[in-house]
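Student: File start_23.cif follows (mmCIF, N, CA and C atoms):
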```
data_query
loop_
_atom_site.label_atom_id
_atom_site.label_comp_id
_atom_site.auth_asym_id
_atom_site.auth_seq_id
_atom_site.Cartn_x
_atom_site.Cartn_y
_atom_site.Cartn_z
N MET A 1 44.31 -99.75 -104.33
CA MET A 1 45.08 -100.95 -104.68
C MET A 1 44.57 -102.12 -103.84
N THR A 2 44.45 -103.27 -104.48
CA THR A 2 44.01 -104.45 -103.74
C THR A 2 45.18 -105.07 -102.98
N ASP A 3 44.84 -105.87 -102.00
CA ASP A 3 45.85 -106.54 -101.20
C ASP A 3 46.62 -107.54 -102.07
N LEU A 4 47.93 -107.51 -102.04
CA LEU A 4 48.74 -108.45 -102.80
C LEU A 4 48.56 -109.86 -102.24
N TYR A 5 48.58 -110.85 -103.13
CA TYR A 5 48.55 -112.24 -102.69
C TYR A 5 49.97 -112.62 -102.31
N ALA A 6 50.16 -113.11 -101.10
CA ALA A 6 51.49 -113.39 -100.57
C ALA A 6 51.68 -114.89 -100.34
N VAL A 7 52.83 -115.37 -100.73
CA VAL A 7 53.27 -116.73 -100.42
C VAL A 7 54.46 -116.55 -99.48
N ALA A 8 54.32 -117.05 -98.26
CA ALA A 8 55.32 -116.78 -97.23
C ALA A 8 55.82 -118.06 -96.58
N ASP A 9 57.01 -117.97 -96.05
CA ASP A 9 57.58 -119.02 -95.22
C ASP A 9 58.07 -118.33 -93.96
N PHE A 10 57.66 -118.84 -92.80
CA PHE A 10 58.15 -118.21 -91.57
C PHE A 10 58.54 -119.26 -90.55
N CYS A 11 59.50 -118.87 -89.74
CA CYS A 11 60.01 -119.71 -88.67
C CYS A 11 59.92 -118.89 -87.39
N LEU A 12 59.00 -119.29 -86.51
CA LEU A 12 58.79 -118.59 -85.24
C LEU A 12 59.64 -119.27 -84.17
N ILE A 13 60.38 -118.47 -83.40
CA ILE A 13 61.31 -119.01 -82.42
C ILE A 13 61.03 -118.40 -81.05
N PRO A 14 60.42 -119.18 -80.14
CA PRO A 14 60.24 -118.69 -78.77
C PRO A 14 61.61 -118.62 -78.08
N ILE A 15 61.84 -117.57 -77.32
CA ILE A 15 63.11 -117.38 -76.63
C ILE A 15 62.85 -117.18 -75.14
N GLY A 16 63.70 -117.78 -74.32
CA GLY A 16 63.59 -117.60 -72.88
C GLY A 16 62.61 -118.54 -72.22
N THR A 17 62.34 -119.66 -72.88
CA THR A 17 61.45 -120.65 -72.28
C THR A 17 62.28 -121.63 -71.44
N ALA A 18 61.63 -122.35 -70.54
CA ALA A 18 62.33 -123.25 -69.63
C ALA A 18 62.79 -124.54 -70.31
N GLU A 19 62.15 -124.93 -71.39
CA GLU A 19 62.45 -126.19 -72.06
C GLU A 19 63.20 -125.96 -73.37
N PRO A 20 64.09 -126.88 -73.73
CA PRO A 20 64.76 -126.74 -75.03
C PRO A 20 63.83 -127.02 -76.20
N SER A 21 62.80 -127.84 -76.00
CA SER A 21 61.84 -128.13 -77.07
C SER A 21 60.85 -126.98 -77.17
N VAL A 22 60.53 -126.61 -78.39
CA VAL A 22 59.54 -125.55 -78.63
C VAL A 22 58.25 -126.11 -79.22
N ALA A 23 58.10 -127.42 -79.22
CA ALA A 23 56.98 -128.07 -79.88
C ALA A 23 55.62 -127.58 -79.38
N VAL A 24 55.46 -127.36 -78.08
CA VAL A 24 54.15 -126.92 -77.57
C VAL A 24 53.80 -125.53 -78.08
N TYR A 25 54.80 -124.68 -78.27
CA TYR A 25 54.57 -123.33 -78.79
C TYR A 25 54.21 -123.38 -80.27
N ILE A 26 54.91 -124.24 -81.01
CA ILE A 26 54.63 -124.36 -82.43
C ILE A 26 53.25 -124.97 -82.63
N ALA A 27 52.88 -125.92 -81.80
CA ALA A 27 51.53 -126.50 -81.89
C ALA A 27 50.48 -125.42 -81.67
N GLU A 28 50.71 -124.53 -80.73
CA GLU A 28 49.75 -123.44 -80.49
C GLU A 28 49.68 -122.51 -81.70
N CYS A 29 50.81 -122.23 -82.30
CA CYS A 29 50.83 -121.40 -83.51
C CYS A 29 50.04 -122.09 -84.62
N GLN A 30 50.16 -123.40 -84.76
CA GLN A 30 49.41 -124.13 -85.78
C GLN A 30 47.91 -124.03 -85.51
N ARG A 31 47.51 -124.03 -84.25
CA ARG A 31 46.09 -123.85 -83.90
C ARG A 31 45.61 -122.47 -84.35
N VAL A 32 46.45 -121.48 -84.14
CA VAL A 32 46.12 -120.11 -84.56
C VAL A 32 45.95 -120.07 -86.08
N LEU A 33 46.86 -120.69 -86.80
CA LEU A 33 46.79 -120.69 -88.27
C LEU A 33 45.54 -121.42 -88.76
N GLU A 34 45.17 -122.49 -88.09
CA GLU A 34 43.95 -123.21 -88.46
C GLU A 34 42.74 -122.28 -88.39
N LYS A 35 42.68 -121.46 -87.37
CA LYS A 35 41.57 -120.52 -87.19
C LYS A 35 41.61 -119.38 -88.21
N SER A 36 42.78 -119.12 -88.80
CA SER A 36 42.92 -118.00 -89.73
C SER A 36 42.17 -118.24 -91.04
N GLY A 37 41.96 -119.49 -91.39
CA GLY A 37 41.32 -119.81 -92.66
C GLY A 37 42.27 -119.77 -93.85
N LEU A 38 43.54 -119.45 -93.61
CA LEU A 38 44.53 -119.41 -94.68
C LEU A 38 45.08 -120.80 -94.94
N LYS A 39 45.61 -121.00 -96.13
CA LYS A 39 46.27 -122.27 -96.44
C LYS A 39 47.68 -122.21 -95.84
N TYR A 40 48.04 -123.26 -95.11
CA TYR A 40 49.35 -123.31 -94.48
C TYR A 40 49.82 -124.75 -94.42
N LYS A 41 51.13 -124.93 -94.28
CA LYS A 41 51.70 -126.27 -94.15
C LYS A 41 52.98 -126.16 -93.33
N MET A 42 52.98 -126.86 -92.22
CA MET A 42 54.16 -126.89 -91.37
C MET A 42 55.21 -127.81 -91.99
N HIS A 43 56.47 -127.45 -91.82
CA HIS A 43 57.57 -128.34 -92.20
C HIS A 43 58.58 -128.34 -91.05
N GLY A 44 59.68 -129.02 -91.20
CA GLY A 44 60.62 -129.23 -90.11
C GLY A 44 61.18 -127.98 -89.46
N TYR A 45 61.31 -126.90 -90.22
CA TYR A 45 61.90 -125.68 -89.68
C TYR A 45 61.07 -124.44 -89.97
N GLY A 46 59.76 -124.60 -90.01
CA GLY A 46 58.91 -123.45 -90.23
C GLY A 46 57.57 -123.84 -90.80
N THR A 47 56.90 -122.84 -91.36
CA THR A 47 55.57 -123.03 -91.92
C THR A 47 55.42 -122.19 -93.17
N ASN A 48 54.86 -122.79 -94.22
CA ASN A 48 54.46 -122.04 -95.41
C ASN A 48 53.03 -121.58 -95.18
N ILE A 49 52.75 -120.36 -95.56
CA ILE A 49 51.40 -119.81 -95.42
C ILE A 49 51.15 -118.91 -96.62
N GLU A 50 49.91 -118.87 -97.08
CA GLU A 50 49.61 -118.00 -98.21
C GLU A 50 48.21 -117.44 -98.13
N GLY A 51 48.06 -116.28 -98.75
CA GLY A 51 46.79 -115.58 -98.79
C GLY A 51 47.04 -114.11 -98.99
N PRO A 52 46.02 -113.28 -98.81
CA PRO A 52 46.23 -111.84 -98.91
C PRO A 52 47.31 -111.38 -97.91
N TRP A 53 48.18 -110.48 -98.36
CA TRP A 53 49.31 -110.02 -97.56
C TRP A 53 48.88 -109.63 -96.14
N THR A 54 47.84 -108.86 -96.03
CA THR A 54 47.38 -108.40 -94.72
C THR A 54 46.96 -109.57 -93.84
N SER A 55 46.28 -110.54 -94.41
CA SER A 55 45.85 -111.71 -93.64
C SER A 55 47.03 -112.55 -93.19
N VAL A 56 48.02 -112.72 -94.07
CA VAL A 56 49.23 -113.47 -93.72
C VAL A 56 49.96 -112.76 -92.57
N SER A 57 50.12 -111.46 -92.69
CA SER A 57 50.79 -110.68 -91.64
C SER A 57 50.02 -110.76 -90.32
N ASN A 58 48.71 -110.66 -90.40
CA ASN A 58 47.89 -110.74 -89.19
C ASN A 58 48.00 -112.12 -88.54
N ALA A 59 48.07 -113.17 -89.33
CA ALA A 59 48.19 -114.52 -88.79
C ALA A 59 49.52 -114.70 -88.07
N ILE A 60 50.59 -114.19 -88.65
CA ILE A 60 51.90 -114.29 -87.99
C ILE A 60 51.89 -113.48 -86.70
N HIS A 61 51.27 -112.31 -86.73
CA HIS A 61 51.12 -111.49 -85.53
C HIS A 61 50.36 -112.27 -84.46
N ALA A 62 49.28 -112.94 -84.84
CA ALA A 62 48.48 -113.71 -83.90
C ALA A 62 49.29 -114.87 -83.30
N CYS A 63 50.17 -115.47 -84.10
CA CYS A 63 51.05 -116.52 -83.57
C CYS A 63 51.97 -115.94 -82.49
N HIS A 64 52.54 -114.77 -82.76
CA HIS A 64 53.39 -114.12 -81.76
C HIS A 64 52.60 -113.90 -80.47
N ALA A 65 51.41 -113.33 -80.60
CA ALA A 65 50.60 -113.04 -79.42
C ALA A 65 50.27 -114.31 -78.64
N ALA A 66 49.94 -115.38 -79.33
CA ALA A 66 49.59 -116.64 -78.67
C ALA A 66 50.79 -117.23 -77.93
N VAL A 67 51.97 -117.17 -78.54
CA VAL A 67 53.16 -117.73 -77.90
C VAL A 67 53.56 -116.87 -76.69
N HIS A 68 53.43 -115.56 -76.80
CA HIS A 68 53.67 -114.71 -75.62
C HIS A 68 52.68 -115.05 -74.51
N ALA A 69 51.42 -115.28 -74.88
CA ALA A 69 50.39 -115.60 -73.88
C ALA A 69 50.69 -116.92 -73.16
N MET A 70 51.48 -117.78 -73.80
CA MET A 70 51.88 -119.04 -73.17
C MET A 70 53.06 -118.85 -72.22
N GLY A 71 53.61 -117.64 -72.17
CA GLY A 71 54.70 -117.36 -71.24
C GLY A 71 56.06 -117.12 -71.85
N ALA A 72 56.18 -117.22 -73.16
CA ALA A 72 57.48 -116.94 -73.79
C ALA A 72 57.75 -115.44 -73.71
N PRO A 73 58.83 -115.03 -73.05
CA PRO A 73 59.09 -113.60 -72.90
C PRO A 73 59.53 -112.92 -74.19
N ARG A 74 60.11 -113.69 -75.10
CA ARG A 74 60.57 -113.13 -76.37
C ARG A 74 60.20 -114.10 -77.49
N VAL A 75 59.93 -113.55 -78.66
CA VAL A 75 59.66 -114.36 -79.84
C VAL A 75 60.36 -113.68 -81.02
N ALA A 76 61.14 -114.47 -81.74
CA ALA A 76 61.79 -113.98 -82.96
C ALA A 76 61.22 -114.76 -84.13
N THR A 77 61.06 -114.10 -85.25
CA THR A 77 60.54 -114.78 -86.44
C THR A 77 61.33 -114.36 -87.67
N ASP A 78 61.74 -115.36 -88.44
CA ASP A 78 62.32 -115.13 -89.76
C ASP A 78 61.20 -115.32 -90.76
N ILE A 79 61.06 -114.36 -91.69
CA ILE A 79 59.97 -114.42 -92.66
C ILE A 79 60.52 -114.14 -94.06
N ARG A 80 60.10 -114.97 -95.01
CA ARG A 80 60.33 -114.69 -96.43
C ARG A 80 58.98 -114.61 -97.08
N ILE A 81 58.73 -113.55 -97.84
CA ILE A 81 57.44 -113.36 -98.49
C ILE A 81 57.67 -113.07 -99.96
N GLY A 82 56.91 -113.76 -100.79
CA GLY A 82 56.96 -113.51 -102.22
C GLY A 82 55.59 -113.10 -102.73
N THR A 83 55.59 -112.21 -103.70
CA THR A 83 54.36 -111.82 -104.39
C THR A 83 54.66 -111.80 -105.87
N ARG A 84 53.62 -111.87 -106.68
CA ARG A 84 53.81 -111.70 -108.11
C ARG A 84 52.57 -111.06 -108.70
N VAL A 85 52.79 -110.26 -109.71
CA VAL A 85 51.68 -109.58 -110.38
C VAL A 85 51.68 -109.85 -111.89
N ASP A 86 52.61 -110.71 -112.35
CA ASP A 86 52.69 -111.00 -113.78
C ASP A 86 51.66 -112.03 -114.22
N ARG A 87 51.08 -112.76 -113.28
CA ARG A 87 50.02 -113.71 -113.61
C ARG A 87 49.18 -113.95 -112.36
N GLU A 88 47.99 -114.47 -112.59
CA GLU A 88 47.07 -114.77 -111.50
C GLU A 88 47.53 -116.02 -110.76
N VAL A 89 47.55 -115.97 -109.45
CA VAL A 89 47.82 -117.13 -108.62
C VAL A 89 46.50 -117.49 -107.94
N ALA A 90 45.98 -118.66 -108.26
CA ALA A 90 44.72 -119.08 -107.65
C ALA A 90 44.93 -119.23 -106.16
N PRO A 91 44.03 -118.69 -105.36
CA PRO A 91 44.19 -118.80 -103.90
C PRO A 91 44.41 -120.24 -103.46
N GLY A 92 45.40 -120.41 -102.60
CA GLY A 92 45.72 -121.72 -102.06
C GLY A 92 46.62 -122.58 -102.92
N THR A 93 47.11 -122.03 -104.05
CA THR A 93 47.95 -122.83 -104.95
C THR A 93 49.37 -122.29 -105.09
N GLY A 94 49.72 -121.24 -104.38
CA GLY A 94 51.03 -120.60 -104.55
C GLY A 94 52.20 -121.52 -104.25
N ASN A 95 52.21 -122.11 -103.05
CA ASN A 95 53.32 -123.00 -102.69
C ASN A 95 53.29 -124.27 -103.52
N GLU A 96 52.12 -124.86 -103.70
CA GLU A 96 52.01 -126.09 -104.49
C GLU A 96 52.48 -125.86 -105.92
N GLY A 97 52.14 -124.72 -106.49
CA GLY A 97 52.55 -124.42 -107.85
C GLY A 97 54.05 -124.32 -107.99
N LYS A 98 54.70 -123.73 -107.00
CA LYS A 98 56.16 -123.61 -107.03
C LYS A 98 56.81 -124.99 -107.00
N VAL A 99 56.34 -125.84 -106.11
CA VAL A 99 56.90 -127.18 -105.98
C VAL A 99 56.62 -128.00 -107.23
N ARG A 100 55.40 -127.94 -107.73
CA ARG A 100 55.02 -128.70 -108.93
C ARG A 100 55.91 -128.32 -110.12
N ARG A 101 56.19 -127.05 -110.29
CA ARG A 101 57.01 -126.61 -111.43
C ARG A 101 58.41 -127.21 -111.35
N VAL A 102 59.02 -127.22 -110.18
CA VAL A 102 60.36 -127.81 -110.03
C VAL A 102 60.31 -129.31 -110.26
N GLU A 103 59.26 -129.96 -109.75
CA GLU A 103 59.12 -131.41 -109.96
C GLU A 103 58.96 -131.74 -111.43
N GLU A 104 58.27 -130.90 -112.19
CA GLU A 104 58.14 -131.12 -113.63
C GLU A 104 59.50 -131.06 -114.31
N ILE A 105 60.30 -130.10 -113.92
CA ILE A 105 61.66 -129.98 -114.49
C ILE A 105 62.48 -131.19 -114.15
N LEU A 106 62.42 -131.62 -112.89
CA LEU A 106 63.17 -132.81 -112.47
C LEU A 106 62.67 -134.06 -113.16
N GLY A 107 61.35 -134.12 -113.42
CA GLY A 107 60.78 -135.27 -114.12
C GLY A 107 61.33 -135.42 -115.52
N LYS A 108 61.65 -134.30 -116.17
CA LYS A 108 62.25 -134.36 -117.50
C LYS A 108 63.63 -134.98 -117.45
N ASP A 109 64.35 -134.80 -116.34
CA ASP A 109 65.66 -135.42 -116.17
C ASP A 109 65.56 -136.93 -116.17
N ALA A 110 64.47 -137.45 -115.60
CA ALA A 110 64.29 -138.88 -115.46
C ALA A 110 63.65 -139.53 -116.69
N ALA A 111 63.09 -138.71 -117.57
CA ALA A 111 62.41 -139.25 -118.75
C ALA A 111 63.40 -139.88 -119.71
N PRO A 112 63.02 -140.98 -120.37
CA PRO A 112 63.91 -141.62 -121.35
C PRO A 112 64.28 -140.63 -122.45
N GLY A 113 65.54 -140.60 -122.79
CA GLY A 113 66.02 -139.72 -123.85
C GLY A 113 66.26 -138.31 -123.39
N ALA A 114 66.14 -138.08 -122.09
CA ALA A 114 66.35 -136.73 -121.57
C ALA A 114 67.82 -136.42 -121.47
#
```
Would you give me this structure, written as structure tokens?
Tutor:
Amino acid sequence: MTDLYAVADFCLIPIGTAEPSVAVYIAECQRVLEKSGLKYKMHGYGTNIEGPWTSVSNAIHACHAAVHAMGAPRVATDIRIGTRVDREVAPGTGNEGKVRRVEEILGKDAAPGA
């Protein structure tokens, strides 16, 4: 069986750090994701990432390792992962496709005579 293509959203939370801001840890995680070669996009409360399931999982693992290496004694992560096998998802278009589809529906609401 081939690796499933995964579209994921995760929120990594360093615990037990001296500062209330976690920005330096999240910045390090973004550096890790950049090196992964996967498509990703940070947002206010997490990051969307997509690619082969194993690669996505490995990238999140690498983020944990990097944040621990910075001194965070604990790291918690919330993850949502979606896959589909009913149609082909072109690599790097999973999250964009989801957003575009909803925007198309909303665009019909704004169209004259809708």
Student: Could you tell me how far atom N of Gly37 of chain A lies from atom N of Ala6 of chain A, in Å and to one decimal?
Tutor: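 Going from atom N of Gly37 of chain A over to atom N of Ala6 of chain A covers 14.2 Å.
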Student: Run DSSP on the backbone and give me the residues of segment 57-91 of chain A it puts in strand (DSSP E), as a PyMOL selection string.
Tutor: chain A and resi 74-82
Student: Apply DSSP to the structure's backbone, then extract all residues of chain A labelled alpha helix (DSSP H) and return them as an MDAnalysis selection string.
Tutor: chainID A and resid 23:36 53:69 94:110
Student: I'd like to know which of A:Leu38, A:Met70, A:Ile105, A:Val99 is closest to Ser55 of chain A, using only N, CA and C atoms.
Tutor: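 Result for the nearest residue to Ser55 of chain A: A:Leu38.
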Student: Just to confirm, what's the straight-line distance from atom C of Thr17 of chain A to atom N of Val75 of chain A in Å (one decimal)?
Tutor: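 We find that atom C of Thr17 of chain A and atom N of Val75 of chain A lie 11.1 Å from each other.
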Student: Name every residue that the PyMOL selection byres ((chain A and resi 79) around 8) selects in this structure, writing the answer as a PDB file with N, CA and C atoms, in the frame of the given file with chains first and numbers rising.
Tutor:
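File written: out_28.pdb
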```
ATOM      1  N   ALA A   8      54.320-117.050 -98.260  1.00  0.00           N
ATOM      2  CA  ALA A   8      55.320-116.780 -97.230  1.00  0.00           C
ATOM      3  C   ALA A   8      55.820-118.060 -96.580  1.00  0.00           C
ATOM      4  N   ASP A   9      57.010-117.970 -96.050  1.00  0.00           N
ATOM      5  CA  ASP A   9      57.580-119.020 -95.220  1.00  0.00           C
ATOM      6  C   ASP A   9      58.070-118.330 -93.960  1.00  0.00           C
ATOM      7  N   PHE A  10      57.660-118.840 -92.800  1.00  0.00           N
ATOM      8  CA  PHE A  10      58.150-118.210 -91.570  1.00  0.00           C
ATOM      9  C   PHE A  10      58.540-119.260 -90.550  1.00  0.00           C
ATOM     10  N   CYS A  11      59.500-118.870 -89.740  1.00  0.00           N
ATOM     11  CA  CYS A  11      60.010-119.710 -88.670  1.00  0.00           C
ATOM     12  C   CYS A  11      59.920-118.890 -87.390  1.00  0.00           C
ATOM     13  N   LEU A  12      59.000-119.290 -86.510  1.00  0.00           N
ATOM     14  CA  LEU A  12      58.790-118.590 -85.240  1.00  0.00           C
ATOM     15  C   LEU A  12      59.640-119.270 -84.170  1.00  0.00           C
ATOM     16  N   ALA A  76      61.140-114.470 -81.740  1.00  0.00           N
ATOM     17  CA  ALA A  76      61.790-113.980 -82.960  1.00  0.00           C
ATOM     18  C   ALA A  76      61.220-114.760 -84.130  1.00  0.00           C
ATOM     19  N   THR A  77      61.060-114.100 -85.250  1.00  0.00           N
ATOM     20  CA  THR A  77      60.540-114.780 -86.440  1.00  0.00           C
ATOM     21  C   THR A  77      61.330-114.360 -87.670  1.00  0.00           C
ATOM     22  N   ASP A  78      61.740-115.360 -88.440  1.00  0.00           N
ATOM     23  CA  ASP A  78      62.320-115.130 -89.760  1.00  0.00           C
ATOM     24  C   ASP A  78      61.200-115.320 -90.760  1.00  0.00           C
ATOM     25  N   ARG A  80      60.100-114.970 -95.010  1.00  0.00           N
ATOM     26  CA  ARG A  80      60.330-114.690 -96.430  1.00  0.00           C
ATOM     27  C   ARG A  80      58.980-114.610 -97.080  1.00  0.00           C
ATOM     28  N   ILE A  81      58.730-113.550 -97.840  1.00  0.00           N
ATOM     29  CA  ILE A  81      57.440-113.360 -98.490  1.00  0.00           C
ATOM     30  C   ILE A  81      57.670-113.070 -99.960  1.00  0.00           C
ATOM     31  N   GLY A  82      56.910-113.760-100.790  1.00  0.00           N
ATOM     32  CA  GLY A  82      56.960-113.510-102.220  1.00  0.00           C
ATOM     33  C   GLY A  82      55.590-113.100-102.730  1.00  0.00           C
TER      34      GLY A  82
END
```
Student: Atom CA of Glu103 of chain A and atom CA of Trp53 of chain A are how many Å apart?
Tutor: 26.6 Å
Student: Run the PyMOL selection byres ((chain A and resi 72) around 6.5) against the file shown and list the residues it catches, as an NGL selection string.
Tutor: :A and (14-17 or 67-71 or 73-75)
Student: Can those selected residues be exported to a file as a compact mmCIF listing (two decimals), keeping the file's coordinate frame so that it contains N, CA and C atoms?
Tutor:
```txt
# COMPACT_ATOMS: atom_id res chain seq x y z
N PRO A 14 60.42 -119.18 -80.14
CA PRO A 14 60.24 -118.69 -78.77
C PRO A 14 61.61 -118.62 -78.08
N ILE A 15 61.84 -117.57 -77.32
CA ILE A 15 63.11 -117.38 -76.63
C ILE A 15 62.85 -117.18 -75.14
N GLY A 16 63.70 -117.78 -74.32
CA GLY A 16 63.59 -117.60 -72.88
C GLY A 16 62.61 -118.54 -72.22
N THR A 17 62.34 -119.66 -72.88
CA THR A 17 61.45 -120.65 -72.28
C THR A 17 62.28 -121.63 -71.44
N VAL A 67 51.97 -117.17 -78.54
CA VAL A 67 53.16 -117.73 -77.90
C VAL A 67 53.56 -116.87 -76.69
N HIS A 68 53.43 -115.56 -76.80
CA HIS A 68 53.67 -114.71 -75.62
C HIS A 68 52.68 -115.05 -74.51
N ALA A 69 51.42 -115.28 -74.88
CA ALA A 69 50.39 -115.60 -73.88
C ALA A 69 50.69 -116.92 -73.16
N MET A 70 51.48 -117.78 -73.80
CA MET A 70 51.88 -119.04 -73.17
C MET A 70 53.06 -118.85 -72.22
N GLY A 71 53.61 -117.64 -72.17
CA GLY A 71 54.70 -117.36 -71.24
C GLY A 71 56.06 -117.12 -71.85
N PRO A 73 58.83 -115.03 -73.05
CA PRO A 73 59.09 -113.60 -72.90
C PRO A 73 59.53 -112.92 -74.19
N ARG A 74 60.11 -113.69 -75.10
CA ARG A 74 60.57 -113.13 -76.37
C ARG A 74 60.20 -114.10 -77.49
N VAL A 75 59.93 -113.55 -78.66
CA VAL A 75 59.66 -114.36 -79.84
C VAL A 75 60.36 -113.68 -81.02
```
Student: Kindly provide, as a PyMOL selection string, the polymer residues lying within 8 Å of (51.1, -123.1, -90.7), counting only N, CA and C atoms and using the coordinates exactly as they appear in the file.
Tutor: chain A and resi 29-34+38-43+46-50
Student: Taking the file above as input, evaluate the PyMOL selection byres (((chain A and resi 88-94 and name CA) around 8) and name CA) and report the hits as a VMD selection string.
Tutor: chain A and resid 5 7 38 to 39 50 to 51 85 to 87 95 to 98
Student: For the residues in that selection, give me N, CA and C atoms as a short mmCIF file (atom, residue, chain, number, x, y, z; two decimals), in the frame of the given file.
Tutor:
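selection.cif, written as the output of this step:
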```cif
data_model
loop_
_atom_site.label_atom_id
_atom_site.label_comp_id
_atom_site.auth_asym_id
_atom_site.auth_seq_id
_atom_site.Cartn_x
_atom_site.Cartn_y
_atom_site.Cartn_z
N TYR A 5 48.58 -110.85 -103.13
CA TYR A 5 48.55 -112.24 -102.69
C TYR A 5 49.97 -112.62 -102.31
N VAL A 7 52.83 -115.37 -100.73
CA VAL A 7 53.27 -116.73 -100.42
C VAL A 7 54.46 -116.55 -99.48
N LEU A 38 43.54 -119.45 -93.61
CA LEU A 38 44.53 -119.41 -94.68
C LEU A 38 45.08 -120.80 -94.94
N LYS A 39 45.61 -121.00 -96.13
CA LYS A 39 46.27 -122.27 -96.44
C LYS A 39 47.68 -122.21 -95.84
N GLU A 50 49.91 -118.87 -97.08
CA GLU A 50 49.61 -118.00 -98.21
C GLU A 50 48.21 -117.44 -98.13
N GLY A 51 48.06 -116.28 -98.75
CA GLY A 51 46.79 -115.58 -98.79
C GLY A 51 47.04 -114.11 -98.99
N VAL A 85 52.79 -110.26 -109.71
CA VAL A 85 51.68 -109.58 -110.38
C VAL A 85 51.68 -109.85 -111.89
N ASP A 86 52.61 -110.71 -112.35
CA ASP A 86 52.69 -111.00 -113.78
C ASP A 86 51.66 -112.03 -114.22
N ARG A 87 51.08 -112.76 -113.28
CA ARG A 87 50.02 -113.71 -113.61
C ARG A 87 49.18 -113.95 -112.36
N ASN A 95 52.21 -122.11 -103.05
CA ASN A 95 53.32 -123.00 -102.69
C ASN A 95 53.29 -124.27 -103.52
N GLU A 96 52.12 -124.86 -103.70
CA GLU A 96 52.01 -126.09 -104.49
C GLU A 96 52.48 -125.86 -105.92
N GLY A 97 52.14 -124.72 -106.49
CA GLY A 97 52.55 -124.42 -107.85
C GLY A 97 54.05 -124.32 -107.99
N LYS A 98 54.70 -123.73 -107.00
CA LYS A 98 56.16 -123.61 -107.03
C LYS A 98 56.81 -124.99 -107.00
#
```
